[in-house]
Amino acid sequence: MRRGGHEGTSERLVNRTVERYGVWLRSTVVLLCGALGLVWADAADVPLALALLAPAVLACGVRLWALRRPLPLPLALLWTLDAAVVLLMGLSQPVLDGEGGNAMMEVAVGISVIAFQFEWATRPVAGAALAGAGVVACVLGDVLSSSEHDLDVVPLVRMLIQVGLSRAGYLIVRARARAADRSAAVRAALRREADVAAARRATEREYLATLHDTASATLLMVSQGDSRDWSWLPPRARQDLEALSAMPGFETGSVDLAALLGCVPEGEGQARVRLTTHIEGPLTMPSGPGLAIFNGVREAVTNVSRHAGVREAELRAWREEGNGVVVELSDAGRGFDPDSVPLRRRGISGSIIGRMRAVEGTASITSRPGAGTRVRWRWHDRDGVPQAHDQDRVPQAHDQGGVHQAHDQDRVPPAGDGAGQAAEVPGPAARTRAEHTAAVRFIRGQLLIGAQLVALLICLVWQFTISLRRLVAHQDVYHPVWPQTAAFVCLVAVAAAGGASLLRGRRIPPGVRGWCLGSVLAVSAVSAYTLPPHHATGPADWAFGVVGWHALFLLADLRVRWYAAFLGAHIGINAAAVVWHGAPAAAEAAVLGIATVGSCGLQFAIGALMTHLLRDTAPAAGSAAAREEELRTLERIHEHLQSDHKERYRALTATTVPLLVGLGHGVLSPHDEEVRLRCGVEGARMRRLFAEGDAVADPLLNELRACVEVAEHQGVTVSLAVRGQPGEVPVEIRRELIDPVAVTLGRTRSAARVTVVWTPSSVRVSAVGVDCADDCTEAAAVPSQRRAADPQVSVVRTRRGESMWAEASWSRPASLEVALP
């Protein structure tokens, strides 16, 4: 059956479930009643009964087959088959004849028209037309089977009430499913945005770490000009360019970390670090963590070359218990105090610790002045994330200058990230399972409330229409009358007590449920034992058909076996009462049995449907929604990452990429002072880019300090002054404000002064460089070629002799203006 295009996951599965359940329920009833009808019929009437019932059974078989293997049948043909079933069942009633045959066909047609409301739930007009066909079938059966050709209106009214209740019940459950879908969609959208933001942050960290380790490091080394042998530069620049143009991210395959560590570059010439390796391979692991460790080791080796004052280091790698991998790099150099590392230094926080955080691993630095340095990377699979402060298991090795000390524990500097909390943060798999469990619980809760409201609605409608009419119409049958009236009032009290909780959206308290179930069983017993003989399940028995509905809304949240046990107790109480009044005749017992199947059988079928919705459909809806949401999230992440990558690449195309291309192909020479100055400027720009993601109170000042730090490494003395109260500046504006300063600092040879002035309506950033390169003015204009300047940012440049002054100012919108202190 074709579905609507706007159905949510829960609603779609509810529709599918009720459709399949309706087909199975109707087909089962038709098959059973048809078989019993053939047994019931006289031998002479069997051929005619078989001619009527066989096509009905065949039509049910086609519908059942279509559930397993959808057939290319038009909807009109399916509707015709369903209508033919009830019409044939109605026409078979006069053939079977007798009270038992009438009751049997009434049950078959009645349950069929109820099931039609489930089969055709998404097409209410078709369901209503089939209900009309059922009414016609009942009328034909009654008229043709009655000698006076009169019509019993009561079964028709009861059938119409049941059809209305079935449709209303479906609408209630569908409304709860839609509410669950809407709420789940809102929560999923929030999670999706959070996941996209987290993925973008993680990719940003990896991208910046890659820039730091490749292009930034290369350009800064060229700008310092401290190498006489530049033979390593062309291949290194080409590799940097390849890394810069590649989309950052971790792969999902496996790598041998031992093979990767064998490729760690030791450097060239005086910058070479001789590595002594002790690797217990192979060390197969996911490529994401493997690449993170490899890149971290490469950065650590570079740090040894730059800062340790030694040219030897020891690299160890081994697998520890719990399918974990540990890598350790140690040197006997001058060491440092990890607590003194500033936040803006990227070698430790970004390239080493940040990378490991992104792959759910840990990295730690153990060092102190004069005692060397030890860097350790540890990664475990998701079944065992290590505590960052666990005592490291160090293999037996000789001590190098006090670096490996047995009493030391891994210590993560503040710049690192608080890796000690990594063990308490659930990984993606655990979070996904938790979110799926919460979604299933929420959907199940919504469907449960809907199912209980449906059962409560049936209770009230049935009790105050069919049951009340029977109670009032047969007052002369009851002796005495008050037990039956008191039982009726008790059921009303049960519906009120249970409904009070449901209408407030709460579960029925266990105490209330226990009292209500006991009261319902008491009503069943009182009604059965105070009913005169030969009236059981007849027109005067108002309670037998309504008691089960009361129990259904009380037990809807439990497994169906509890409801089956209640119905068994209910049937047993009434059967015992019938026997107590006197053993019934065979024909009477058969009629009682048919009435019991038609009443309690339908109630049990609805109870089983509710249980299926709660136990099976809700988890399926949660899983399907999770899969759909995962696909949406992946699409959004891919879309945003592609956009981010293009934006980053575009921002570097006009400046960094030409430098790397020229250096990689020998067009630009590192011996040329102009080339070194350009490399220094690009290095400062990259450092400012690295500082963009820092969580600091004043991002503008933080990014300026990153540029100042690069200039100071070039031997430039820089003074920085800030005036006024800092305010909010968008990242795009910060780039335009700082870039002229970065250019000026990058091309200054001796000293510079940087000033930031905040006013309530504007911010100005200026730099004065002494002993500046001749073409500083032209170099400062380069950024305008790579990104369009904001019209509110104005840049003024002035040159006097060897001094260069550049100022960028931005007028803040009124919404961002701040008051002076």
# chains A, B, ... in the order shown; residues from 1 in each chain; ligands from 1
call {"tool": "select_by_dssp", "arguments": {"residues": "segment 246-326 of chain A", "states": "strand (DSSP E or B)", "output": "number ranges by chain"}}
result
A: 254-256, 274-279, 284-286, 312-320, 324-326
call {"tool": "write_last_selection", "arguments": {"atoms": "N, CA and C atoms", "output": "CSV table (one decimal), in the first residue's frame"}}
result
chain,number,residue,atom,x,y,z
A,254,SER,N,43.1,0.0,8.5
A,254,SER,CA,44.1,-0.4,9.5
A,254,SER,C,45.5,-0.1,8.9
A,255,VAL,N,46.4,0.2,9.8
A,255,VAL,CA,47.8,0.4,9.4
A,255,VAL,C,48.7,-0.3,10.4
A,256,ASP,N,49.9,-0.5,10.0
A,256,ASP,CA,50.9,-1.1,10.9
A,256,ASP,C,51.7,0.1,11.5
A,274,ARG,N,69.5,11.6,15.6
A,274,ARG,CA,69.7,10.1,15.4
A,274,ARG,C,68.8,9.4,16.3
A,275,LEU,N,67.9,8.6,15.7
A,275,LEU,CA,66.9,7.8,16.5
A,275,LEU,C,67.4,6.4,16.8
A,276,THR,N,67.3,6.0,18.0
A,276,THR,CA,67.5,4.6,18.4
A,276,THR,C,66.2,4.0,18.6
A,277,THR,N,65.8,3.0,17.8
A,277,THR,CA,64.4,2.5,17.9
A,277,THR,C,64.3,1.1,18.5
A,278,HIS,N,63.3,0.9,19.3
A,278,HIS,CA,63.0,-0.4,19.9
A,278,HIS,C,61.5,-0.6,19.7
A,279,ILE,N,61.1,-1.2,18.6
A,279,ILE,CA,59.7,-1.3,18.2
A,279,ILE,C,59.3,-2.8,18.2
A,284,THR,N,49.3,-3.5,14.5
A,284,THR,CA,48.2,-3.1,13.7
A,284,THR,C,47.1,-2.4,14.5
A,285,MET,N,46.6,-1.3,13.9
A,285,MET,CA,45.6,-0.5,14.6
A,285,MET,C,44.9,0.3,13.6
A,286,PRO,N,43.8,1.0,14.0
A,286,PRO,CA,43.1,1.8,13.0
A,286,PRO,C,44.0,3.0,12.5
A,312,GLU,N,70.4,13.1,19.7
A,312,GLU,CA,70.0,11.7,19.9
A,312,GLU,C,68.7,11.6,20.7
A,313,ALA,N,68.0,10.6,20.3
A,313,ALA,CA,66.7,10.3,21.0
A,313,ALA,C,66.4,8.8,20.9
A,314,GLU,N,65.6,8.3,21.8
A,314,GLU,CA,65.2,6.9,21.8
A,314,GLU,C,63.7,6.8,21.5
A,315,LEU,N,63.4,5.9,20.5
A,315,LEU,CA,61.9,5.7,20.2
A,315,LEU,C,61.6,4.3,20.5
A,316,ARG,N,60.5,4.1,21.4
A,316,ARG,CA,60.1,2.8,21.7
A,316,ARG,C,58.6,2.7,21.4
A,317,ALA,N,58.2,1.5,21.1
A,317,ALA,CA,56.7,1.2,20.8
A,317,ALA,C,56.5,-0.3,21.2
A,318,TRP,N,55.4,-0.5,21.9
A,318,TRP,CA,55.0,-1.9,22.2
A,318,TRP,C,53.5,-1.9,22.4
A,319,ARG,N,53.0,-3.1,22.4
A,319,ARG,CA,51.6,-3.4,22.7
A,319,ARG,C,51.4,-3.8,24.1
A,320,GLU,N,50.5,-3.2,24.8
A,320,GLU,CA,50.2,-3.6,26.2
A,320,GLU,C,48.9,-4.4,26.3
A,324,GLY,N,46.0,-2.5,23.7
A,324,GLY,CA,46.5,-1.1,23.6
A,324,GLY,C,47.9,-1.0,23.0
A,325,VAL,N,48.2,0.2,22.6
A,325,VAL,CA,49.5,0.5,22.0
A,325,VAL,C,50.1,1.7,22.7
A,326,VAL,N,51.4,1.6,23.0
A,326,VAL,CA,52.1,2.7,23.7
A,326,VAL,C,53.4,3.0,22.9
call {"tool": "closest_residue", "arguments": {"among": "A:Ala103, A:Leu219, A:Ala751, A:Leu64", "to": "Gly683 of chain A", "atoms": "only C-alpha atoms"}}
result
A:Leu219
call {"tool": "residues_around", "arguments": {"residues": "Ala773 of chain A", "least_positions_apart": "4", "cutoff": "10 Å", "atoms": "only C-alpha atoms", "output": "list of chain:residue names"}}
result
A:Glu673, A:Glu674, A:Leu677, A:Thr744, A:Gly746, A:Arg747, A:Thr748, A:Arg749, A:Gly769, A:Thr777, A:Ala779, A:Glu802, A:Ser803, A:Met804
call {"tool": "atom_distance", "arguments": {"atom1": "atom CA of Trp120 of chain A", "atom2": "atom CA of Leu502 of chain A"}}
result
28.0 Å
call {"tool": "residues_around", "arguments": {"residues": "Leu91 of chain A", "least_positions_apart": "2", "cutoff": "10 Å", "atoms": "only C-alpha atoms", "output": "PyMOL selection string"}}
result
chain A and resi 49+52-53+86-89+93-96+105+137-142+144-145
call {"tool": "write_last_selection", "arguments": {"atoms": "C-alpha atoms", "output": "mmCIF file, in the first residue's frame"}}
result
data_model
loop_
_atom_site.group_PDB
_atom_site.id
_atom_site.type_symbol
_atom_site.label_atom_id
_atom_site.label_comp_id
_atom_site.auth_asym_id
_atom_site.auth_seq_id
_atom_site.Cartn_x
_atom_site.Cartn_y
_atom_site.Cartn_z
ATOM 1 C CA ALA A 49 -21.041 -23.772 2.117
ATOM 2 C CA LEU A 52 -19.058 -19.778 -0.551
ATOM 3 C CA LEU A 53 -16.291 -20.113 2.032
ATOM 4 C CA VAL A 86 -17.335 -10.295 4.107
ATOM 5 C CA LEU A 87 -20.072 -10.660 1.506
ATOM 6 C CA LEU A 88 -19.344 -14.365 1.055
ATOM 7 C CA MET A 89 -19.245 -14.852 4.819
ATOM 8 C CA GLN A 93 -24.974 -17.625 7.203
ATOM 9 C CA PRO A 94 -28.329 -18.975 5.862
ATOM 10 C CA VAL A 95 -26.530 -22.070 4.561
ATOM 11 C CA LEU A 96 -25.081 -22.896 7.986
ATOM 12 C CA MET A 105 -20.758 -15.525 10.997
ATOM 13 C CA ALA A 137 -23.329 -8.745 4.610
ATOM 14 C CA CYS A 138 -24.886 -8.885 8.084
ATOM 15 C CA VAL A 139 -28.228 -7.604 6.769
ATOM 16 C CA LEU A 140 -28.264 -10.208 3.996
ATOM 17 C CA GLY A 141 -27.325 -12.954 6.412
ATOM 18 C CA ASP A 142 -30.007 -12.038 8.928
ATOM 19 C CA LEU A 144 -31.988 -14.764 4.407
ATOM 20 C CA SER A 145 -31.508 -16.943 7.485
#
call {"tool": "closest_residue", "arguments": {"among": "A:Thr611, A:Ser27, A:Gln239, A:Thr17", "to": "Trp65 of chain A", "atoms": "only C-alpha atoms"}}
result
A:Ser27
call {"tool": "atom_distance", "arguments": {"atom1": "atom CA of Arg561 of chain A", "atom2": "atom CA of Ile606 of chain A"}}
result
13.1 Å
call {"tool": "atom_distance", "arguments": {"atom1": "atom CA of Ala556 of chain A", "atom2": "atom CA of Gly169 of chain A"}}
result
13.9 Å
call {"tool": "select_by_dssp", "arguments": {"residues": "segment 130-336 of chain A", "states": "helix (DSSP H, G or I)", "output": "PyMOL selection string"}}
result
chain A and resi 130-145+153-224+233-245+257-261+269-271+287-308
call {"tool": "closest_residue", "arguments": {"among": "A:His479, A:Arg688, A:Arg174, A:Arg357", "to": "Asn702 of chain A", "atoms": "only C-alpha atoms"}}
result
A:Arg688
call {"tool": "residues_around", "arguments": {"residues": "Gly568 of chain A", "least_positions_apart": "4", "cutoff": "12 Å", "atoms": "only C-alpha atoms", "output": "list in words"}}
result
Leu521, Ser524, Gly548, Ala551, Arg561, Trp562, Tyr563, Ala564, Gly572, Ile573, Asn574, Ala575, Ala576, Thr596, Val597, Cys600, Gly601, Gln603 and Phe604 of chain A
call {"tool": "residues_around", "arguments": {"residues": "Arg228 of chain A", "least_positions_apart": "6", "cutoff": "12 Å", "atoms": "only C-alpha atoms", "output": "number ranges by chain"}}
result
A: 221-222, 268-271, 670-671
call {"tool": "write_last_selection", "arguments": {"atoms": "N, CA and C atoms", "output": "CSV table (one decimal), in the first residue's frame"}}
result
chain,number,residue,atom,x,y,z
A,221,MET,N,61.2,28.0,9.0
A,221,MET,CA,62.6,27.6,8.8
A,221,MET,C,63.3,28.4,7.7
A,222,VAL,N,62.6,28.6,6.6
A,222,VAL,CA,63.1,29.4,5.5
A,222,VAL,C,63.3,30.9,5.9
A,268,GLU,N,68.0,16.6,8.4
A,268,GLU,CA,69.1,16.7,7.6
A,268,GLU,C,70.2,17.5,8.2
A,269,GLY,N,71.5,17.2,8.0
A,269,GLY,CA,72.6,18.0,8.4
A,269,GLY,C,72.7,18.2,9.9
A,270,GLN,N,72.9,19.4,10.3
A,270,GLN,CA,73.0,19.7,11.7
A,270,GLN,C,71.7,19.6,12.5
A,271,ALA,N,70.6,19.6,11.7
A,271,ALA,CA,69.3,19.4,12.4
A,271,ALA,C,68.9,18.0,12.5
A,670,PRO,N,65.7,30.1,-1.3
A,670,PRO,CA,65.8,30.4,0.2
A,670,PRO,C,66.9,31.4,0.5
A,671,HIS,N,67.9,31.5,-0.4
A,671,HIS,CA,69.0,32.5,-0.2
A,671,HIS,C,68.6,33.9,-0.4
call {"tool": "residues_around", "arguments": {"residues": "Ala51 of chain A", "least_positions_apart": "3", "cutoff": "12 Å", "atoms": "only C-alpha atoms", "output": "count of residues only"}}
result
16
call {"tool": "decode", "arguments": {"residues": "segment 677-714 of chain A", "atoms": "C-alpha atoms", "output": "PDB file, in the first residue's frame"}}
result
ATOM      1  CA  LEU A 677      60.654  37.814   4.316  1.00  0.00           C
ATOM      2  CA  ARG A 678      57.632  36.543   2.443  1.00  0.00           C
ATOM      3  CA  CYS A 679      57.949  33.222   4.233  1.00  0.00           C
ATOM      4  CA  GLY A 680      58.050  35.062   7.547  1.00  0.00           C
ATOM      5  CA  VAL A 681      54.871  36.949   6.695  1.00  0.00           C
ATOM      6  CA  GLU A 682      53.069  33.743   5.729  1.00  0.00           C
ATOM      7  CA  GLY A 683      54.302  32.073   8.888  1.00  0.00           C
ATOM      8  CA  ALA A 684      52.810  34.896  10.933  1.00  0.00           C
ATOM      9  CA  ARG A 685      49.523  34.617   9.074  1.00  0.00           C
ATOM     10  CA  MET A 686      49.358  30.905   9.787  1.00  0.00           C
ATOM     11  CA  ARG A 687      50.122  31.451  13.460  1.00  0.00           C
ATOM     12  CA  ARG A 688      47.256  33.908  13.603  1.00  0.00           C
ATOM     13  CA  LEU A 689      45.049  31.290  11.945  1.00  0.00           C
ATOM     14  CA  PHE A 690      46.083  28.740  14.591  1.00  0.00           C
ATOM     15  CA  ALA A 691      45.048  31.146  17.338  1.00  0.00           C
ATOM     16  CA  GLU A 692      41.526  31.649  15.917  1.00  0.00           C
ATOM     17  CA  GLY A 693      40.109  28.628  17.702  1.00  0.00           C
ATOM     18  CA  ASP A 694      41.458  29.450  21.167  1.00  0.00           C
ATOM     19  CA  ALA A 695      38.855  29.951  23.895  1.00  0.00           C
ATOM     20  CA  VAL A 696      40.122  33.244  25.313  1.00  0.00           C
ATOM     21  CA  ALA A 697      38.510  36.421  26.595  1.00  0.00           C
ATOM     22  CA  ASP A 698      40.097  38.657  23.945  1.00  0.00           C
ATOM     23  CA  PRO A 699      40.548  36.758  20.631  1.00  0.00           C
ATOM     24  CA  LEU A 700      41.902  39.826  18.835  1.00  0.00           C
ATOM     25  CA  LEU A 701      44.721  40.305  21.311  1.00  0.00           C
ATOM     26  CA  ASN A 702      45.445  36.570  21.361  1.00  0.00           C
ATOM     27  CA  GLU A 703      45.855  36.455  17.583  1.00  0.00           C
ATOM     28  CA  LEU A 704      48.022  39.565  17.634  1.00  0.00           C
ATOM     29  CA  ARG A 705      50.302  37.940  20.192  1.00  0.00           C
ATOM     30  CA  ALA A 706      50.678  34.935  17.915  1.00  0.00           C
ATOM     31  CA  CYS A 707      51.993  37.227  15.184  1.00  0.00           C
ATOM     32  CA  VAL A 708      54.208  39.054  17.652  1.00  0.00           C
ATOM     33  CA  GLU A 709      55.720  35.770  18.804  1.00  0.00           C
ATOM     34  CA  VAL A 710      56.746  34.874  15.258  1.00  0.00           C
ATOM     35  CA  ALA A 711      58.439  38.250  14.830  1.00  0.00           C
ATOM     36  CA  GLU A 712      60.285  37.834  18.118  1.00  0.00           C
ATOM     37  CA  HIS A 713      61.591  34.443  16.920  1.00  0.00           C
ATOM     38  CA  GLN A 714      62.993  36.326  13.916  1.00  0.00           C
TER      39      GLN A 714
END
